[in-house]
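Structure file entry.csv with CSV, C-alpha atoms and all ligand atoms:
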```csv
chain,number,residue,atom,x,y,z
X,1,MET,CA,0.0,0.0,0.0
X,2,VAL,CA,1.3,3.5,-0.9
X,3,GLU,CA,1.3,5.9,2.0
X,4,GLN,CA,-0.7,9.1,1.5
X,5,GLU,CA,1.4,12.2,0.8
X,6,TYR,CA,0.6,15.5,2.6
X,7,ARG,CA,1.6,19.1,2.0
X,8,ILE,CA,1.6,22.0,4.4
X,9,ASP,CA,-1.4,24.2,4.0
X,10,LYS,CA,-2.6,27.5,5.5
X,11,VAL,CA,-1.3,29.1,8.7
X,12,LEU,CA,-3.6,28.4,11.6
X,13,PHE,CA,-1.5,30.2,14.3
X,14,SER,CA,1.2,32.7,13.2
X,15,ARG,CA,4.5,33.1,14.9
X,16,GLY,CA,3.3,36.5,16.1
X,17,GLU,CA,0.1,35.1,17.7
X,18,ILE,CA,2.1,32.3,19.3
X,19,ALA,CA,4.6,34.7,20.8
X,20,GLU,CA,1.9,36.9,22.2
X,21,ARG,CA,0.0,34.0,23.7
X,22,ILE,CA,3.2,32.6,25.2
X,23,SER,CA,4.0,35.9,26.9
X,24,ASP,CA,0.5,35.9,28.5
X,25,LEU,CA,0.9,32.3,29.7
X,26,ALA,CA,4.4,32.9,31.1
X,27,GLY,CA,3.1,35.9,33.0
X,28,ARG,CA,0.2,34.0,34.5
X,29,ILE,CA,2.4,31.0,35.5
X,30,ALA,CA,5.1,33.3,37.0
X,31,ALA,CA,2.4,35.2,39.0
X,32,ASP,CA,1.0,31.8,40.3
X,33,MET,CA,4.5,30.5,41.2
X,34,ARG,CA,6.1,33.6,42.7
X,35,GLY,CA,8.3,32.7,45.6
X,36,ARG,CA,8.4,29.0,44.8
X,37,GLU,CA,10.8,26.8,42.9
X,38,LEU,CA,9.1,25.7,39.6
X,39,LEU,CA,10.1,22.5,37.8
X,40,VAL,CA,9.0,22.7,34.2
X,41,VAL,CA,8.8,19.3,32.6
X,42,GLY,CA,8.6,19.2,28.8
X,43,ILE,CA,7.3,16.2,27.0
X,44,LEU,CA,9.7,15.4,24.1
X,45,ASN,CA,9.8,15.9,21.3
X,46,GLY,CA,7.1,18.3,20.2
X,47,ALA,CA,7.0,20.5,23.4
X,48,VAL,CA,10.7,21.6,23.2
X,49,PHE,CA,9.9,24.6,20.9
X,50,PHE,CA,7.0,25.8,23.1
X,51,LEU,CA,8.9,25.1,26.4
X,52,THR,CA,12.0,27.0,25.4
X,53,ASP,CA,10.0,30.1,24.4
X,54,LEU,CA,7.8,29.8,27.5
X,55,VAL,CA,10.5,29.7,30.1
X,56,ARG,CA,12.5,32.5,28.4
X,57,ARG,CA,9.4,34.7,28.9
X,58,MET,CA,9.4,34.1,32.7
X,59,PRO,CA,10.9,36.7,35.0
X,60,GLU,CA,14.7,36.3,35.6
X,61,ASP,CA,14.1,36.2,39.4
X,62,LEU,CA,11.7,33.3,39.2
X,63,ASP,CA,13.4,30.0,40.3
X,64,VAL,CA,12.8,27.9,37.2
X,65,ARG,CA,14.3,24.4,36.6
X,66,VAL,CA,13.8,22.5,33.4
X,67,ASP,CA,13.7,18.7,32.8
X,68,PHE,CA,12.2,16.5,30.1
X,69,MET,CA,10.3,13.2,29.7
X,70,SER,CA,10.0,11.3,26.5
X,71,VAL,CA,6.8,9.3,25.8
X,72,SER,CA,5.5,7.7,22.7
X,73,SER,CA,1.8,7.5,21.8
X,74,TYR,CA,1.7,8.2,18.1
X,75,GLU,CA,3.6,5.8,15.9
X,76,ASN,CA,4.0,7.6,12.5
X,77,ALA,CA,0.2,8.1,12.3
X,78,THR,CA,-2.2,10.9,12.6
X,79,LYS,CA,-4.4,9.1,15.2
X,80,SER,CA,-3.6,8.3,18.8
X,81,SER,CA,-3.1,4.7,19.5
X,82,GLY,CA,-4.1,5.5,23.1
X,83,VAL,CA,-0.9,3.6,24.2
X,84,VAL,CA,1.6,5.6,26.2
X,85,ARG,CA,5.2,4.3,26.7
X,86,ILE,CA,7.8,6.1,28.8
X,87,LEU,CA,11.0,6.3,26.8
X,88,ARG,CA,12.9,8.7,29.1
X,89,ASP,CA,12.0,9.8,32.7
X,90,ILE,CA,12.6,13.0,34.7
X,91,GLY,CA,16.2,13.0,36.0
X,92,SER,CA,15.4,13.9,39.6
X,93,SER,CA,12.8,13.4,42.4
X,94,ILE,CA,9.7,15.6,42.2
X,95,GLU,CA,8.6,14.9,45.8
X,96,ASP,CA,7.4,18.2,47.5
X,97,ARG,CA,8.3,20.2,44.3
X,98,HIS,CA,6.0,22.4,42.2
X,99,VAL,CA,5.8,20.7,38.8
X,100,LEU,CA,4.4,22.0,35.5
X,101,ILE,CA,4.0,19.6,32.7
X,102,VAL,CA,4.4,21.3,29.3
X,103,GLU,CA,2.9,19.8,26.2
X,104,ASP,CA,2.5,21.1,22.6
X,105,ILE,CA,-0.9,19.6,22.1
X,106,ILE,CA,-3.7,17.7,23.9
X,107,ASP,CA,-5.8,15.5,21.7
X,108,THR,CA,-7.5,12.4,23.1
X,109,GLY,CA,-6.0,13.3,26.5
X,110,TYR,CA,-4.4,9.8,27.0
X,111,THR,CA,-0.9,11.1,27.2
X,112,LEU,CA,-1.5,13.9,29.8
X,113,SER,CA,-3.9,11.7,31.8
X,114,TYR,CA,-1.3,9.0,32.0
X,115,LEU,CA,1.5,11.5,33.0
X,116,LEU,CA,-0.7,13.2,35.6
X,117,GLU,CA,-1.5,9.8,37.3
X,118,LEU,CA,2.2,8.8,37.1
X,119,LEU,CA,3.6,12.0,38.5
X,120,HIS,CA,0.9,12.5,41.1
X,121,ALA,CA,1.9,9.2,42.7
X,122,ARG,CA,5.4,10.7,43.2
X,123,LYS,CA,3.9,13.3,45.7
X,124,PRO,CA,4.8,16.6,44.2
X,125,ALA,CA,3.8,19.8,46.2
X,126,SER,CA,1.7,20.8,43.1
X,127,LEU,CA,1.2,19.4,39.7
X,128,LYS,CA,-0.1,21.6,36.8
X,129,THR,CA,-0.5,21.3,33.1
X,130,CYS,CA,0.3,23.7,30.3
X,131,VAL,CA,-0.6,23.0,26.7
X,132,LEU,CA,-0.1,25.2,23.6
X,133,LEU,CA,-3.0,23.6,21.6
X,134,ASP,CA,-6.2,22.0,22.9
X,135,LYS,CA,-8.1,19.9,20.4
X,136,SER,CA,-11.0,19.4,22.8
X,137,ALA,CA,-13.4,17.9,20.2
X,138,ARG,CA,-11.3,14.8,20.2
X,139,ARG,CA,-11.0,14.3,23.9
X,140,GLU,CA,-11.6,10.7,25.1
X,141,VAL,CA,-10.5,11.1,28.7
X,142,ALA,CA,-11.1,14.1,30.9
X,143,VAL,CA,-8.0,16.0,31.8
X,144,HIS,CA,-7.7,19.3,33.6
X,145,VAL,CA,-5.6,21.9,31.7
X,146,ASP,CA,-4.4,24.7,33.9
X,147,TYR,CA,-2.8,26.9,31.2
X,148,CYS,CA,-3.9,26.7,27.6
X,149,GLY,CA,-2.5,28.6,24.6
X,150,PHE,CA,-5.2,28.1,21.9
X,151,SER,CA,-8.3,26.0,21.5
X,152,MET,CA,-8.3,24.5,18.0
X,153,PRO,CA,-10.6,22.6,15.6
X,154,ASP,CA,-10.2,19.0,14.8
X,155,ALA,CA,-7.5,19.5,12.1
X,156,PHE,CA,-4.1,17.9,11.8
X,157,VAL,CA,-1.4,20.5,12.3
X,158,VAL,CA,2.3,20.8,11.9
X,159,GLY,CA,5.0,23.4,12.8
X,160,TYR,CA,6.3,24.9,16.0
X,161,GLY,CA,7.3,21.5,17.2
X,162,LEU,CA,4.3,19.5,15.8
X,163,ASP,CA,5.2,17.0,13.1
X,164,TYR,CA,3.8,14.6,10.6
X,165,ALA,CA,6.0,11.5,10.5
X,166,GLY,CA,8.9,13.5,11.8
X,167,ARG,CA,8.6,16.3,9.3
X,168,TRP,CA,7.8,20.1,9.6
X,169,ARG,CA,8.6,20.5,13.3
X,170,HIS,CA,10.9,23.4,12.5
X,171,LEU,CA,8.3,25.6,10.8
X,172,PRO,CA,7.9,28.9,12.8
X,173,ASP,CA,4.1,29.0,12.3
X,174,ILE,CA,1.5,26.3,12.9
X,175,HIS,CA,-0.1,25.1,9.7
X,176,SER,CA,-2.9,22.7,8.8
X,177,VAL,CA,-1.9,19.9,6.3
X,178,SER,CA,-3.9,18.5,3.4
X,179,ALA,CA,-3.6,15.4,1.3
X,180,VAL,CA,-1.8,15.9,-2.0
X,181,GLY,CA,-4.3,15.8,-4.8
X,182,SER,CA,-7.2,17.0,-2.6
L,1,LIG,C1,1.7,14.2,20.7
L,1,LIG,C2,1.8,15.4,21.7
L,1,LIG,C3,1.3,14.7,23.0
L,1,LIG,C4,0.3,13.7,22.5
L,1,LIG,C5,-1.1,14.2,22.7
L,1,LIG,O1,2.9,13.5,20.9
L,1,LIG,O2,3.1,15.9,21.9
L,1,LIG,O3,2.3,14.1,23.7
L,1,LIG,O4,0.6,13.5,21.1
L,1,LIG,O5,-2.1,13.3,22.2
L,1,LIG,P1,-3.2,12.6,23.1
L,1,LIG,O6,-3.8,13.7,23.9
L,1,LIG,O7,-4.1,12.0,22.1
L,1,LIG,O8,-2.5,11.6,24.0
L,1,LIG,P2,3.5,12.5,19.8
L,1,LIG,O9,3.3,11.1,20.3
L,1,LIG,O10,3.0,12.9,18.5
L,1,LIG,O11,5.1,12.8,20.0
L,1,LIG,P3,6.0,14.0,19.6
L,1,LIG,O12,5.8,15.0,20.8
L,1,LIG,O13,7.4,13.5,19.6
L,1,LIG,O14,5.6,14.6,18.3
```

Show me this structure written as structure tokens.
Ligand code: PRP
Amino acid sequence: MVEQEYRIDKVLFSRGEIAERISDLAGRIAADMRGRELLVVGILNGAVFFLTDLVRRMPEDLDVRVDFMSVSSYENATKSSGVVRILRDIGSSIEDRHVLIVEDIIDTGYTLSYLLELLHARKPASLKTCVLLDKSARREVAVHVDYCGFSMPDAFVVGYGLDYAGRWRHLPDIHSVSAVGS
């Protein structure tokens, strides 16, 4: 079977809109976390772009630490398999620490739901979630999102960390994709 080819389509969220929204989110998070140490945990690979811009928008005097986890739920496909595997864990204990999970996108909710349950069991002082894009129409499990960049329609998107089969993460804007020939 020949795999369907896709091409990048129109811009859904421009780099300017993204930057503006990230400044708002960073300000809100910093206000909520003032006087505390904040451990920001990015979920590889897609969230790297969002996380690095987000933490650089936080005030210099906020005590921010950064770590990463790597999980896999989508295996070169546009639909979630619902299966989450931990490929790399956080490098230190999160007990009694204030943890913020940073994701590029929430779709079915399986990934964040799994991560919240896993990290909650490690007894952090607080555990919050921050996602750039919320595709709420596709939610299959309820997940509380504390900080959300944009709500978006049920479209497949690439750019600003989001990929299709590994491609197009590096695009500065977020685009929809369409099938070649459509
Ligand atoms: C994406 C995204 C989330 C997950 C969300 O990861 O970064 O981790 O899917 O989907 P869900 O709400 O349906 O669970 P992906 O597996 O594509 O990996 P990537 O970050 O390396 O692109």

Return the single residue from X:Asp61, X:Glu5, X:Asp104, X:Asp154 that is closest to ligand LIG 1 (chain L), with distances computed using only C-alpha atoms and all ligand atoms.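 Using only C-alpha atoms and all ligand atoms, the shortest distance to ligand LIG 1 (chain L) belongs to X:Asp104.
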
With only C-alpha atoms as the basis for distance, which of X:Glu17, X:Glu117, X:Asp134, X:Asp9 is at the shortest distance from Asp146 (chain X)?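 Going through X:Glu17, X:Glu117, X:Asp134, X:Asp9 one by one, the smallest distance to Asp146 (chain X) is for X:Asp134.
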
Around ligand LIG 1 (chain L), at most 6 Å away and counting all atoms listed in the file, which residues are there? Put them as a list in words, please.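 So the residues close to ligand LIG 1 (chain L) are Leu44, Asn45, Gly46, Ser72, Ser73, Tyr74, Ser80, Glu103, Asp104, Ile105, Ile106, Asp107, Thr108, Gly109, Tyr110, Thr111, Leu162 and Asp163 of chain X.
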
Hey, what's within 12 Å of Gly149 (chain X) if we count all atoms listed in the file and toss same-chain stuff fewer than 5 positions away? As a ChimeraX atom specification, please? /X:13,17-26,28,50,54,102-106,129-135

So, counting all atoms listed in the file, which residue among X:Val158, X:Ile101, X:Arg56, X:Arg36 is closest to Phe68 (chain X)?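 Smallest distance to Phe68 (chain X) is found for X:Ile101.
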
What's the 10 Å shell around Val99 (chain X), counting all atoms listed in the file, without same-chain residues fewer than 5 positions away, as a ChimeraX atom specification? /X:37-41,65-66,94,119-120,124-129

Two-atom distance - CA of Val84 (chain X), CA of Tyr114 (chain X) (Å): 7.3 Å

For a cutoff of 9 Å around the file-coordinate point (7.4, 17.7, 1.8), which residues qualify once you count only C-alpha atoms? I'd like the result as a PyMOL selection string. chain X and resi 5-8+167-168

Judged by all atoms listed in the file, the minimum distance to Val157 (chain X) among X:Ser14, X:Pro172, X:Val177, X:Ile29 is found for X:Val177

Between CA of Ile174 (chain X) and CA of Leu12 (chain X), measure the distance and give it in Å to one decimal. 5.7 Å

Give me, please, the distance in Å between CA of Ala30 (chain X) and CA of Arg169 (chain X), quoted to one decimal. 27.2 Å

Looking at all atoms listed in the file, which of X:Tyr164, X:Asp32, X:Leu171, X:Arg97 is the one that sits closest to Lys123 (chain X)? X:Arg97

I'd like the contact shell of Ser70 (chain X) - 10 Å cut-off, all atoms listed in the file, skipping same-chain residues fewer than 4 positions apart - returned as a ChimeraX atom specification. /X:42-46,85-90

Long-range neighbours of Asp173 (chain X) as a ChimeraX atom specification, 6 Å cut-off, only C-alpha atoms, 3 positions minimum in chain: /X:14-15,159-160

Keeping C-alpha atoms for every residue in the selection just given, could you write it to a file as a short mmCIF file (atom, residue, chain, number, x, y, z; two decimals), keeping the file's coordinate frame?
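Final output, selection_4.cif:
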```cif
data_model
loop_
_atom_site.label_atom_id
_atom_site.label_comp_id
_atom_site.auth_asym_id
_atom_site.auth_seq_id
_atom_site.Cartn_x
_atom_site.Cartn_y
_atom_site.Cartn_z
CA SER X 14 1.20 32.70 13.20
CA ARG X 15 4.50 33.10 14.90
CA GLY X 159 5.00 23.40 12.80
CA TYR X 160 6.30 24.90 16.00
#
```
